[in-house]
$ cat structure.cif   # mmCIF, C-alpha atoms
data_my_file
loop_
_atom_site.label_atom_id
_atom_site.label_comp_id
_atom_site.auth_asym_id
_atom_site.auth_seq_id
_atom_site.Cartn_x
_atom_site.Cartn_y
_atom_site.Cartn_z
CA MET L 1 103.38 124.51 92.64
CA PRO L 2 105.12 123.54 89.42
CA ARG L 3 108.39 121.74 90.15
CA GLY L 4 110.00 124.17 87.70
CA ALA L 5 109.69 126.94 90.29
CA LEU L 6 112.30 125.09 92.33
CA ALA L 7 114.66 124.65 89.37
CA PRO L 8 116.93 127.68 90.04
CA ILE L 9 117.23 126.65 93.69
CA LEU L 10 118.08 123.03 92.92
CA ASP L 11 120.44 124.05 90.11
CA GLN L 12 122.44 126.19 92.52
CA LEU L 13 122.59 123.33 95.00
CA ARG L 14 123.94 120.95 92.34
CA GLN L 15 126.56 123.43 91.10
CA GLU L 16 128.31 123.54 94.45
CA PRO L 17 130.33 120.87 96.27
CA SER L 18 128.27 118.47 98.32
CA ARG L 19 127.02 120.18 101.47
CA THR L 20 124.67 117.48 102.73
CA TRP L 21 125.97 117.82 106.28
CA SER L 22 125.32 121.57 106.21
CA ILE L 23 121.75 121.08 104.98
CA ILE L 24 121.22 118.60 107.82
CA VAL L 25 122.31 121.31 110.23
CA THR L 26 119.70 123.62 108.71
CA ILE L 27 116.97 120.96 108.97
CA TYR L 28 117.64 120.50 112.66
CA GLY L 29 117.78 124.19 113.45
CA ASP L 30 114.74 125.15 111.41
CA ALA L 31 112.42 122.15 111.66
CA ILE L 32 113.48 119.53 114.21
CA VAL L 33 114.59 121.56 117.23
CA PRO L 34 111.17 123.31 117.50
CA ARG L 35 109.59 119.84 117.63
CA GLY L 36 111.78 118.54 120.43
CA GLY L 37 115.13 117.98 118.76
CA SER L 38 115.24 114.22 118.11
CA VAL L 39 114.07 112.53 114.92
CA TRP L 40 114.21 109.21 113.11
CA LEU L 41 116.91 108.87 110.47
CA GLY L 42 114.24 107.76 108.02
CA THR L 43 112.68 111.24 108.14
CA LEU L 44 115.93 112.77 106.92
CA LEU L 45 116.37 110.11 104.24
CA ALA L 46 112.87 110.85 102.91
CA PHE L 47 113.66 114.56 102.71
CA PHE L 48 116.93 114.06 100.84
CA GLN L 49 115.30 111.65 98.38
CA ALA L 50 113.35 114.69 97.16
CA LEU L 51 116.74 116.31 96.42
CA ASP L 52 118.00 113.19 94.61
CA ILE L 53 120.64 112.70 97.31
CA GLY L 54 121.20 109.05 98.11
CA ASP L 55 120.79 107.36 101.48
CA GLY L 56 124.49 106.49 101.68
CA VAL L 57 125.52 110.14 101.36
CA VAL L 58 123.09 111.14 104.11
CA ARG L 59 124.21 108.35 106.46
CA THR L 60 127.84 109.34 105.97
CA ALA L 61 127.03 112.98 106.73
CA MET L 62 125.10 112.00 109.88
CA SER L 63 128.01 109.89 111.08
CA ARG L 64 130.39 112.80 110.48
CA LEU L 65 128.19 115.20 112.48
CA ALA L 66 127.95 112.69 115.32
CA ALA L 67 131.72 112.12 115.32
CA ASP L 68 132.32 115.88 115.40
CA GLY L 69 130.06 116.29 118.44
CA TRP L 70 127.11 118.01 116.75
CA LEU L 71 124.64 115.14 117.02
CA GLU L 72 123.97 112.26 119.42
CA ARG L 73 122.68 108.93 118.17
CA HIS L 74 120.61 106.27 119.87
CA LYS L 75 118.91 103.17 118.50
CA VAL L 76 115.55 101.59 119.10
CA GLY L 77 115.63 98.15 117.58
CA ARG L 78 117.07 98.61 114.09
CA ASN L 79 116.05 102.26 113.83
CA SER L 80 118.45 105.14 114.47
CA PHE L 81 117.44 108.45 116.01
CA TYR L 82 119.54 111.59 116.24
CA ARG L 83 119.33 114.68 118.40
CA LEU L 84 121.48 117.75 118.81
CA ALA L 85 124.38 117.43 121.21
CA GLU L 86 125.18 120.26 123.64
CA LYS L 87 127.70 121.74 121.21
CA GLY L 88 125.02 121.95 118.55
CA ARG L 89 122.33 123.41 120.82
CA ALA L 90 124.45 126.38 121.90
CA THR L 91 125.42 127.19 118.33
CA PHE L 92 121.83 126.90 117.11
CA GLU L 93 120.50 129.27 119.74
CA ALA L 94 122.84 132.05 118.64
CA ALA L 95 122.25 131.41 114.94
CA THR L 96 118.48 131.30 115.38
CA ARG L 97 118.42 134.80 116.84
CA GLN L 98 120.39 136.20 113.93
CA ILE L 99 118.50 134.37 111.18
CA TYR L 100 114.93 134.95 112.28
CA THR L 101 114.78 137.96 114.58
CA LEU L 102 117.85 140.16 114.37
CA ARG L 103 117.29 143.82 113.49
CA PRO L 104 119.97 146.45 112.83
CA PRO L 105 120.83 148.43 115.98
CA ARG L 106 120.00 152.09 116.27
CA PHE L 107 122.93 154.23 115.19
CA ALA L 108 124.57 155.97 118.14
CA GLY L 109 126.50 158.37 115.89
CA HIS L 110 129.84 156.62 116.36
CA LEU L 111 131.57 153.28 116.05
CA GLY L 112 133.15 151.44 118.92
CA LEU L 113 136.91 151.12 118.50
CA VAL L 114 138.97 148.41 120.20
CA LEU L 115 142.77 148.29 120.27
CA LEU L 116 144.56 145.05 121.06
CA SER L 117 147.52 145.03 123.39
CA ASN L 118 150.82 143.41 122.45
CA GLY L 119 150.69 141.10 125.44
CA PRO L 120 150.17 137.34 125.65
CA GLU L 121 146.37 137.73 125.52
CA ARG L 122 146.42 139.38 122.06
CA ASP L 123 145.63 136.29 119.97
CA ALA L 124 142.88 135.11 122.29
CA ALA L 125 141.28 138.57 122.34
CA ARG L 126 141.40 138.74 118.55
CA ALA L 127 139.59 135.41 118.27
CA VAL L 128 136.90 136.50 120.74
CA LEU L 129 136.27 139.78 118.90
CA GLU L 130 136.11 138.11 115.50
CA ALA L 131 133.62 135.56 116.82
CA ALA L 132 131.49 138.40 118.22
CA GLY L 133 131.23 140.03 114.79
CA PHE L 134 133.72 142.86 115.19
CA GLY L 135 135.29 144.13 111.98
CA SER L 136 138.94 144.99 111.52
CA PRO L 137 140.26 147.78 109.25
CA LEU L 138 143.88 147.32 110.39
CA PRO L 139 145.89 144.68 112.27
CA GLY L 140 145.21 144.99 115.99
CA VAL L 141 142.26 147.36 115.48
CA PHE L 142 138.62 146.27 115.71
CA VAL L 143 135.37 148.18 115.29
CA ALA L 144 131.71 147.50 116.04
CA ALA L 145 128.37 149.28 115.95
CA GLY L 146 126.20 148.69 119.00
CA VAL L 147 127.96 145.45 119.96
CA PRO L 148 129.36 145.25 123.51
CA ILE L 149 132.92 144.10 124.03
CA PRO L 150 132.80 140.46 125.19
CA ASP L 151 133.98 139.86 128.75
CA ALA L 152 136.45 137.28 127.44
CA ALA L 153 138.32 139.89 125.37
CA ASN L 154 141.03 140.64 127.89
CA GLY L 155 143.79 143.22 127.51
CA VAL L 156 142.00 145.57 125.10
CA VAL L 157 141.50 149.34 125.07
CA ALA L 158 138.05 150.68 124.11
CA LEU L 159 137.54 154.02 122.36
CA GLN L 160 134.92 155.71 120.18
CA ALA L 161 135.37 156.53 116.49
CA THR L 162 133.44 159.66 115.52
CA GLY L 163 133.26 161.61 112.29
CA GLY L 164 131.07 162.50 109.37
CA ALA L 165 128.67 160.01 107.85
CA GLU L 166 130.85 159.42 104.79
CA ALA L 167 133.97 158.83 106.86
CA LEU L 168 132.19 156.31 109.09
CA ARG L 169 130.71 154.49 106.08
CA ASP L 170 134.22 154.27 104.64
CA LEU L 171 135.53 152.87 107.92
CA ALA L 172 132.75 150.27 107.93
CA ALA L 173 133.52 149.30 104.32
CA ARG L 174 137.19 148.75 105.25
CA SER L 175 136.32 146.78 108.37
CA TRP L 176 133.86 144.20 107.00
CA PRO L 177 133.62 142.44 103.58
CA LEU L 178 130.43 144.34 102.73
CA ASP L 179 130.84 143.93 98.96
CA ALA L 180 131.01 140.14 99.27
CA ILE L 181 128.04 140.08 101.66
CA ALA L 182 126.01 142.28 99.28
CA ASP L 183 126.85 139.90 96.42
CA GLY L 184 125.61 137.01 98.56
CA TYR L 185 122.32 138.77 99.23
CA GLN L 186 121.91 139.58 95.54
CA ARG L 187 122.48 135.94 94.54
CA PHE L 188 119.90 134.91 97.14
CA ILE L 189 117.35 137.33 95.63
CA GLU L 190 118.05 136.07 92.11
CA THR L 191 117.78 132.43 93.17
CA PHE L 192 114.51 132.71 95.08
CA GLY L 193 112.85 135.43 93.00
CA PRO L 194 111.30 132.88 90.58
CA LEU L 195 109.71 131.03 93.49
CA ARG L 196 108.22 134.29 94.76
CA ALA L 197 106.85 134.98 91.28
CA ALA L 198 105.34 131.49 91.03
CA LEU L 199 103.55 131.80 94.36
CA ASP L 200 102.31 135.28 93.48
CA ALA L 201 100.90 133.85 90.24
CA GLY L 202 98.78 131.39 92.23
CA ALA L 203 100.99 128.32 92.42
CA VAL L 204 100.14 126.08 95.37
CA PRO L 205 103.08 124.03 96.72
CA ASN L 206 102.55 120.41 97.67
CA GLU L 207 103.90 119.35 101.03
CA ILE L 208 107.27 117.90 100.04
CA ASP L 209 108.05 120.74 97.61
CA ALA L 210 107.15 123.25 100.33
CA MET L 211 109.46 121.42 102.74
CA VAL L 212 112.32 121.37 100.22
CA ALA L 213 111.84 125.05 99.37
CA ARG L 214 111.62 126.07 103.05
CA ILE L 215 114.80 124.30 104.08
CA LEU L 216 116.83 125.50 101.10
CA LEU L 217 115.46 129.01 101.60
CA VAL L 218 116.70 129.13 105.19
CA HIS L 219 119.90 127.31 104.26
CA GLU L 220 120.90 129.85 101.61
CA TYR L 221 119.79 132.84 103.69
CA ARG L 222 121.71 131.54 106.70
CA ARG L 223 124.90 131.34 104.65
CA VAL L 224 124.75 135.08 104.02
CA VAL L 225 123.16 136.51 107.14
CA LEU L 226 125.56 134.80 109.55
CA ARG L 227 128.40 136.70 107.84
CA ASP L 228 126.53 139.99 108.01
CA PRO L 229 127.54 142.34 110.86
CA VAL L 230 123.97 143.79 110.64
CA LEU L 231 125.06 147.42 110.75
CA PRO L 232 122.78 150.44 111.13
CA ALA L 233 121.47 151.72 107.79
CA GLU L 234 123.53 154.91 108.22
CA LEU L 235 126.73 152.87 107.81
CA LEU L 236 125.66 150.92 104.73
CA PRO L 237 125.69 151.75 101.01
CA ALA L 238 122.48 153.30 99.73
CA ASP L 239 121.71 150.27 97.52
CA TRP L 240 122.30 147.67 100.27
CA PRO L 241 120.33 144.51 99.29
CA GLY L 242 120.11 142.99 102.78
CA CYS L 243 116.69 144.49 103.52
CA ALA L 244 115.19 143.20 100.26
CA ALA L 245 116.67 139.74 100.90
CA ARG L 246 115.21 139.59 104.39
CA SER L 247 111.79 140.70 103.14
CA LEU L 248 111.89 138.04 100.41
CA CYS L 249 112.95 135.35 102.87
CA ALA L 250 110.31 136.32 105.43
CA GLY L 251 107.49 136.35 102.88
CA LEU L 252 108.42 133.01 101.34
CA TYR L 253 108.90 131.41 104.74
CA THR L 254 105.41 132.50 105.80
CA ASP L 255 103.85 131.10 102.62
CA LEU L 256 105.72 127.77 102.82
CA LEU L 257 105.31 127.19 106.54
CA GLU L 258 101.92 125.47 106.74
CA PRO L 259 102.34 122.92 103.91
CA SER L 260 105.88 122.12 105.06
CA GLU L 261 104.66 121.61 108.63
CA ARG L 262 102.07 119.16 107.30
CA TRP L 263 104.88 117.18 105.70
CA LEU L 264 106.64 117.08 109.06
CA ASP L 265 103.39 116.04 110.77
CA ALA L 266 103.27 113.01 108.50
CA HIS L 267 106.96 112.04 108.39
CA ALA L 268 108.81 113.28 111.49
CA ILE L 269 108.54 110.66 114.23
CA ASN L 270 110.21 110.08 117.58
CA ASP L 271 111.67 106.91 119.07
CA SER L 272 108.24 105.68 120.18
CA GLY L 273 106.90 105.96 116.64
CA ALA L 274 104.71 108.96 117.44
CA PRO L 275 104.73 112.12 115.29
CA LEU L 276 106.83 114.97 116.59
CA ARG L 277 104.49 117.66 117.86
CA ARG L 278 104.56 121.11 116.29
CA GLY L 279 106.41 123.86 118.11
CA ALA L 280 104.83 127.31 118.46
CA ALA L 281 108.20 129.07 118.05
CA VAL L 282 108.15 128.72 114.26
CA LEU L 283 105.03 130.92 114.04
CA ARG L 284 106.98 133.86 115.50
CA ARG L 285 109.87 133.65 113.07
CA PHE L 286 110.53 136.78 111.02
CA ARG L 287 107.75 138.49 112.99
CA ASP L 288 109.33 139.30 116.37
#

$ encode --input "structure.cif" --output "C-alpha cells"
Amino acid sequence: MPRGALAPILDQLRQEPSRTWSIIVTIYGDAIVPRGGSVWLGTLLAFFQALDIGDGVVRTAMSRLAADGWLERHKVGRNSFYRLAEKGRATFEAATRQIYTLRPPRFAGHLGLVLLSNGPERDAARAVLEAAGFGSPLPGVFVAAGVPIPDAANGVVALQATGGAEALRDLAARSWPLDAIADGYQRFIETFGPLRAALDAGAVPNEIDAMVARILLVHEYRRVVLRDPVLPAELLPADWPGCAARSLCAGLYTDLLEPSERWLDAHAINDSGAPLRRGAAVLRRFRD
C-alpha cells in the first residue's frame, strides 16, 4: 500500500495536540488485551516509531497511565512490561461492546423520561445518568431510548415521552449533541475514505502500515462512537452519517486485520520473550 494512502490520517494526527497516551489506550484495547493484556515496552516503541513519535514521549505517556491507575508495570531484567490495571479492564470491556458490536435498539415508539428530585441524591443521580448515556433537554430532565435506568440512580421519577415522530426527533436533537456527533462521523469518513479507495484500487498494505492504519482507524472511530447515544433510526436525521461511518470502519478493519496481526506476531512479546498468541475475539469484531 502506498504510504501516501495514510497521509490524510497522519496529517490529522499531527494537527492535533499530542494524544500519545490516548493512542496507547487504543492499542491495548484493540490489539494487546485479546492477546493476554501484557506486552513489552519495546513493542509499543516500535509502533510509535512508525508514527515518528519519539521513545521519550512514549515512555512519559506510559508512566502517566501507570500513575493514573490504568496500567501496571513490572520488570524482567532491564525490560519493562505493562498490562492493564483493574480500572482499565472494566473501562475497556464497556468500550469494546460499543465500538465493535453495538447496534441501535429497536424503537419502542416512545422515549424514557427521567425527572431528578431536589433531594441530596440529585447530583449523584445526574452523574450516573450522564455516564449511562442519557441525554438532557432541560436541567433535571433526562431522556433515553431503550436504555434502562441504572440501579445507582436513586431518587428519580421515571415516565414515558410519547408523541409524533417529528416531535420525538426534536426532543432527541435537544437532548444530545447530535450535530457535533454527525460532524465527527463525517470527518472520520473524509479522513479514511482515501484509504478505502487505495485498497479498492488494489493496494496491498505491508504489516507495519496495516498496523498503523488499524490502530488509528479504531482510535478515531472510538472518539466519535463513544459519544454517540446510538439511537433508533426513527429518532435520527434522515442524512445521519453514523451508519456509513460504521460500514467504512468495519470494512477497513476486516481488510487490515490479517497483515496487522502478522506484525503483532513478530513484535509483541511477553515477559518470557515468547510472542503473544493471537486471540480469537478479534475475528468477531464488527460481525456479531

$ closest_atom_pairs --input "structure.cif" --of "range 157-238 of chain L" --to "range 137-148 of chain L" --cutoff "8 Å" --atoms "all atoms listed in the file" --output "Markdown table"
| residue | atom | partner | partner_atom | distance |
| --- | --- | --- | --- | --- |
| L:Leu171 | CA | L:Pro137 | CA | 7.1 |
| L:Arg174 | CA | L:Pro137 | CA | 5.1 |
| L:Ser175 | CA | L:Pro137 | CA | 4.2 |
| L:Trp176 | CA | L:Pro137 | CA | 7.7 |
| L:Leu231 | CA | L:Ala145 | CA | 6.4 |
| L:Pro232 | CA | L:Ala145 | CA | 7.5 |

$ write_last_selection --input "structure.cif" --atoms "C-alpha atoms" --output "mmCIF file, in the coordinates of the input"
data_model
loop_
_atom_site.group_PDB
_atom_site.id
_atom_site.type_symbol
_atom_site.label_atom_id
_atom_site.label_comp_id
_atom_site.auth_asym_id
_atom_site.auth_seq_id
_atom_site.Cartn_x
_atom_site.Cartn_y
_atom_site.Cartn_z
ATOM 1 C CA LEU L 171 135.530 152.870 107.920
ATOM 2 C CA ARG L 174 137.190 148.750 105.250
ATOM 3 C CA SER L 175 136.320 146.780 108.370
ATOM 4 C CA TRP L 176 133.860 144.200 107.000
ATOM 5 C CA LEU L 231 125.060 147.420 110.750
ATOM 6 C CA PRO L 232 122.780 150.440 111.130
#

$ closest_residue --input "structure.cif" --among "L:Leu252, L:Ala152, L:Val212, L:Ala125" --to "Asp52 in chain L" --atoms "all atoms listed in the file"
L:Val212

$ resolve_selection --input "structure.cif" --expression "the PyMOL selection byres ((chain L and resi 39) around 6)" --output "PyMOL selection string"
chain L and resi 38+40+81-82+269-270

$ atom_distance --input "structure.cif" --atom1 "CA of Ala153 in chain L" --atom2 "CA of His110 in chain L"
20.8 Å

$ closest_residue --input "structure.cif" --among "L:Ala85, L:Leu45, L:Ala95, L:Ala213" --to "Leu13 in chain L" --atoms "only C-alpha atoms"
L:Ala213

$ resolve_selection --input "structure.cif" --expression "the PyMOL selection byres ((chain L and resi 113) around 6)" --output "count of residues only"
8

$ residues_around --input "structure.cif" --residues "Val25 in chain L" --least-positions-apart "4" --cutoff "12 Å" --atoms "all atoms listed in the file" --output "PyMOL selection string"
chain L and resi 19-21+29-33+37+44+58+61-62+64-66+70-71+82-85+88-89+91-92+95-96+215-216+218-219+222-223

$ write_last_selection --input "structure.cif" --atoms "C-alpha atoms" --output "PDB file, keeping the file's coordinate frame"
ATOM      1  CA  ARG L  19     127.020 120.180 101.470  1.00  0.00           C
ATOM      2  CA  THR L  20     124.670 117.480 102.730  1.00  0.00           C
ATOM      3  CA  TRP L  21     125.970 117.820 106.280  1.00  0.00           C
ATOM      4  CA  GLY L  29     117.780 124.190 113.450  1.00  0.00           C
ATOM      5  CA  ASP L  30     114.740 125.150 111.410  1.00  0.00           C
ATOM      6  CA  ALA L  31     112.420 122.150 111.660  1.00  0.00           C
ATOM      7  CA  ILE L  32     113.480 119.530 114.210  1.00  0.00           C
ATOM      8  CA  VAL L  33     114.590 121.560 117.230  1.00  0.00           C
ATOM      9  CA  GLY L  37     115.130 117.980 118.760  1.00  0.00           C
ATOM     10  CA  LEU L  44     115.930 112.770 106.920  1.00  0.00           C
ATOM     11  CA  VAL L  58     123.090 111.140 104.110  1.00  0.00           C
ATOM     12  CA  ALA L  61     127.030 112.980 106.730  1.00  0.00           C
ATOM     13  CA  MET L  62     125.100 112.000 109.880  1.00  0.00           C
ATOM     14  CA  ARG L  64     130.390 112.800 110.480  1.00  0.00           C
ATOM     15  CA  LEU L  65     128.190 115.200 112.480  1.00  0.00           C
ATOM     16  CA  ALA L  66     127.950 112.690 115.320  1.00  0.00           C
ATOM     17  CA  TRP L  70     127.110 118.010 116.750  1.00  0.00           C
ATOM     18  CA  LEU L  71     124.640 115.140 117.020  1.00  0.00           C
ATOM     19  CA  TYR L  82     119.540 111.590 116.240  1.00  0.00           C
ATOM     20  CA  ARG L  83     119.330 114.680 118.400  1.00  0.00           C
ATOM     21  CA  LEU L  84     121.480 117.750 118.810  1.00  0.00           C
ATOM     22  CA  ALA L  85     124.380 117.430 121.210  1.00  0.00           C
ATOM     23  CA  GLY L  88     125.020 121.950 118.550  1.00  0.00           C
ATOM     24  CA  ARG L  89     122.330 123.410 120.820  1.00  0.00           C
ATOM     25  CA  THR L  91     125.420 127.190 118.330  1.00  0.00           C
ATOM     26  CA  PHE L  92     121.830 126.900 117.110  1.00  0.00           C
ATOM     27  CA  ALA L  95     122.250 131.410 114.940  1.00  0.00           C
ATOM     28  CA  THR L  96     118.480 131.300 115.380  1.00  0.00           C
ATOM     29  CA  ILE L 215     114.800 124.300 104.080  1.00  0.00           C
ATOM     30  CA  LEU L 216     116.830 125.500 101.100  1.00  0.00           C
ATOM     31  CA  VAL L 218     116.700 129.130 105.190  1.00  0.00           C
ATOM     32  CA  HIS L 219     119.900 127.310 104.260  1.00  0.00           C
ATOM     33  CA  ARG L 222     121.710 131.540 106.700  1.00  0.00           C
ATOM     34  CA  ARG L 223     124.900 131.340 104.650  1.00  0.00           C
TER      35      ARG L 223
END

$ atom_distance --input "structure.cif" --atom1 "CA of Ala94 in chain L" --atom2 "CA of Ala50 in chain L"
29.2 Å

$ residues_around --input "structure.cif" --residues "Asp200 in chain L" --least-positions-apart "2" --cutoff "12 Å" --atoms "all atoms listed in the file" --output "list in words"
Met1, Ala5, Gly193, Pro194, Leu195, Arg196, Ala197, Ala198, Gly202, Ala203, Val204, Pro205, Gly251, Leu252 and Asp255 of chain L

$ atom_distance --input "structure.cif" --atom1 "CA of Glu166 in chain L" --atom2 "CA of Ala131 in chain L"
26.9 Å

$ closest_residue --input "structure.cif" --among "L:Ile99, L:Leu248, L:Leu41, L:Leu283" --to "Phe192 in chain L" --atoms "only C-alpha atoms"
L:Leu248

$ resolve_selection --input "structure.cif" --expression "the PyMOL selection byres ((chain L and resi 189) around 10)" --output "PDB file with C-alpha atoms, in the coordinates of the input"
ATOM      1  CA  ASP L 183     126.850 139.900  96.420  1.00  0.00           C
ATOM      2  CA  GLY L 184     125.610 137.010  98.560  1.00  0.00           C
ATOM      3  CA  TYR L 185     122.320 138.770  99.230  1.00  0.00           C
ATOM      4  CA  GLN L 186     121.910 139.580  95.540  1.00  0.00           C
ATOM      5  CA  ARG L 187     122.480 135.940  94.540  1.00  0.00           C
ATOM      6  CA  PHE L 188     119.900 134.910  97.140  1.00  0.00           C
ATOM      7  CA  GLU L 190     118.050 136.070  92.110  1.00  0.00           C
ATOM      8  CA  THR L 191     117.780 132.430  93.170  1.00  0.00           C
ATOM      9  CA  PHE L 192     114.510 132.710  95.080  1.00  0.00           C
ATOM     10  CA  GLY L 193     112.850 135.430  93.000  1.00  0.00           C
ATOM     11  CA  PRO L 194     111.300 132.880  90.580  1.00  0.00           C
ATOM     12  CA  ARG L 196     108.220 134.290  94.760  1.00  0.00           C
ATOM     13  CA  TYR L 221     119.790 132.840 103.690  1.00  0.00           C
ATOM     14  CA  PRO L 241     120.330 144.510  99.290  1.00  0.00           C
ATOM     15  CA  GLY L 242     120.110 142.990 102.780  1.00  0.00           C
ATOM     16  CA  ALA L 244     115.190 143.200 100.260  1.00  0.00           C
ATOM     17  CA  ALA L 245     116.670 139.740 100.900  1.00  0.00           C
ATOM     18  CA  ARG L 246     115.210 139.590 104.390  1.00  0.00           C
ATOM     19  CA  SER L 247     111.790 140.700 103.140  1.00  0.00           C
ATOM     20  CA  LEU L 248     111.890 138.040 100.410  1.00  0.00           C
ATOM     21  CA  CYS L 249     112.950 135.350 102.870  1.00  0.00           C
TER      22      CYS L 249
END

$ residues_near_point --input "structure.cif" --point "(104.7, 121.9, 103.0)" --cutoff "7 Å" --atoms "only C-alpha atoms" --output "MDAnalysis selection string"
chainID L and resid 205:211 256:263

$ closest_residue --input "structure.cif" --among "L:Arg103, L:Arg122, L:Arg277, L:Lys75" --to "Val230 in chain L" --atoms "only C-alpha atoms"
L:Arg103

$ closest_residue --input "structure.cif" --among "L:Leu226, L:Lys87, L:Arg285, L:Asp123" --to "Ala67 in chain L" --atoms "all atoms listed in the file"
L:Lys87

$ closest_residue --input "structure.cif" --among "L:Ala165, L:Gln12, L:Leu115, L:Leu129" --to "Ala233 in chain L" --atoms "all atoms listed in the file"
L:Ala165

$ decode --input "structure.cif" --residues "range 101-117 of chain L" --atoms "N, CA, C and O atoms" --output "PDB file, in the first residue's frame"
ATOM      1  N   THR L 101     -19.542  -3.899  18.550  1.00  0.00           N
ATOM      2  CA  THR L 101     -20.734  -4.741  18.422  1.00  0.00           C
ATOM      3  C   THR L 101     -22.056  -4.009  18.570  1.00  0.00           C
ATOM      4  O   THR L 101     -23.094  -4.571  18.232  1.00  0.00           O
ATOM      5  N   LEU L 102     -22.041  -2.790  19.082  1.00  0.00           N
ATOM      6  CA  LEU L 102     -23.305  -2.159  19.451  1.00  0.00           C
ATOM      7  C   LEU L 102     -24.167  -1.846  18.231  1.00  0.00           C
ATOM      8  O   LEU L 102     -23.699  -1.337  17.222  1.00  0.00           O
ATOM      9  N   ARG L 103     -25.437  -2.189  18.311  1.00  0.00           N
ATOM     10  CA  ARG L 103     -26.421  -1.877  17.288  1.00  0.00           C
ATOM     11  C   ARG L 103     -27.492  -0.975  17.901  1.00  0.00           C
ATOM     12  O   ARG L 103     -27.771  -1.057  19.092  1.00  0.00           O
ATOM     13  N   PRO L 104     -28.115  -0.121  17.083  1.00  0.00           N
ATOM     14  CA  PRO L 104     -29.207   0.707  17.621  1.00  0.00           C
ATOM     15  C   PRO L 104     -30.330  -0.170  18.146  1.00  0.00           C
ATOM     16  O   PRO L 104     -30.645  -1.215  17.563  1.00  0.00           O
ATOM     17  N   PRO L 105     -30.962   0.225  19.249  1.00  0.00           N
ATOM     18  CA  PRO L 105     -32.084  -0.564  19.771  1.00  0.00           C
ATOM     19  C   PRO L 105     -33.309  -0.418  18.879  1.00  0.00           C
ATOM     20  O   PRO L 105     -33.425   0.532  18.101  1.00  0.00           O
ATOM     21  N   ARG L 106     -34.208  -1.364  18.991  1.00  0.00           N
ATOM     22  CA  ARG L 106     -35.484  -1.229  18.289  1.00  0.00           C
ATOM     23  C   ARG L 106     -36.285  -0.098  18.930  1.00  0.00           C
ATOM     24  O   ARG L 106     -36.270   0.074  20.155  1.00  0.00           O
ATOM     25  N   PHE L 107     -36.974   0.653  18.105  1.00  0.00           N
ATOM     26  CA  PHE L 107     -37.723   1.796  18.623  1.00  0.00           C
ATOM     27  C   PHE L 107     -39.040   1.327  19.217  1.00  0.00           C
ATOM     28  O   PHE L 107     -39.851   0.673  18.559  1.00  0.00           O
ATOM     29  N   ALA L 108     -39.260   1.670  20.487  1.00  0.00           N
ATOM     30  CA  ALA L 108     -40.469   1.246  21.191  1.00  0.00           C
ATOM     31  C   ALA L 108     -41.627   2.215  20.987  1.00  0.00           C
ATOM     32  O   ALA L 108     -42.714   2.001  21.531  1.00  0.00           O
ATOM     33  N   GLY L 109     -41.403   3.301  20.234  1.00  0.00           N
ATOM     34  CA  GLY L 109     -42.466   4.266  19.994  1.00  0.00           C
ATOM     35  C   GLY L 109     -42.500   5.395  21.004  1.00  0.00           C
ATOM     36  O   GLY L 109     -43.363   6.272  20.922  1.00  0.00           O
ATOM     37  N   HIS L 110     -41.585   5.387  21.950  1.00  0.00           N
ATOM     38  CA  HIS L 110     -41.533   6.444  22.955  1.00  0.00           C
ATOM     39  C   HIS L 110     -40.109   6.563  23.470  1.00  0.00           C
ATOM     40  O   HIS L 110     -39.266   5.694  23.246  1.00  0.00           O
ATOM     41  N   LEU L 111     -39.865   7.633  24.179  1.00  0.00           N
ATOM     42  CA  LEU L 111     -38.598   7.834  24.881  1.00  0.00           C
ATOM     43  C   LEU L 111     -38.832   7.699  26.374  1.00  0.00           C
ATOM     44  O   LEU L 111     -39.892   8.082  26.885  1.00  0.00           O
ATOM     45  N   GLY L 112     -37.850   7.143  27.058  1.00  0.00           N
ATOM     46  CA  GLY L 112     -37.916   7.127  28.511  1.00  0.00           C
ATOM     47  C   GLY L 112     -37.595   8.507  29.055  1.00  0.00           C
ATOM     48  O   GLY L 112     -36.697   9.193  28.557  1.00  0.00           O
ATOM     49  N   LEU L 113     -38.325   8.925  30.048  1.00  0.00           N
ATOM     50  CA  LEU L 113     -38.169  10.262  30.631  1.00  0.00           C
ATOM     51  C   LEU L 113     -37.881  10.104  32.121  1.00  0.00           C
ATOM     52  O   LEU L 113     -38.606   9.394  32.825  1.00  0.00           O
ATOM     53  N   VAL L 114     -36.834  10.750  32.591  1.00  0.00           N
ATOM     54  CA  VAL L 114     -36.431  10.644  33.993  1.00  0.00           C
ATOM     55  C   VAL L 114     -36.358  12.049  34.589  1.00  0.00           C
ATOM     56  O   VAL L 114     -35.706  12.943  34.031  1.00  0.00           O
ATOM     57  N   LEU L 115     -37.020  12.231  35.716  1.00  0.00           N
ATOM     58  CA  LEU L 115     -37.012  13.507  36.435  1.00  0.00           C
ATOM     59  C   LEU L 115     -36.209  13.347  37.719  1.00  0.00           C
ATOM     60  O   LEU L 115     -36.430  12.406  38.483  1.00  0.00           O
ATOM     61  N   LEU L 116     -35.279  14.273  37.935  1.00  0.00           N
ATOM     62  CA  LEU L 116     -34.486  14.238  39.155  1.00  0.00           C
ATOM     63  C   LEU L 116     -35.248  14.905  40.293  1.00  0.00           C
ATOM     64  O   LEU L 116     -35.979  15.881  40.095  1.00  0.00           O
ATOM     65  N   SER L 117     -35.049  14.385  41.476  1.00  0.00           N
ATOM     66  CA  SER L 117     -35.624  15.015  42.657  1.00  0.00           C
ATOM     67  C   SER L 117     -34.744  16.194  43.077  1.00  0.00           C
ATOM     68  O   SER L 117     -33.638  16.370  42.566  1.00  0.00           O
TER      69      SER L 117
END
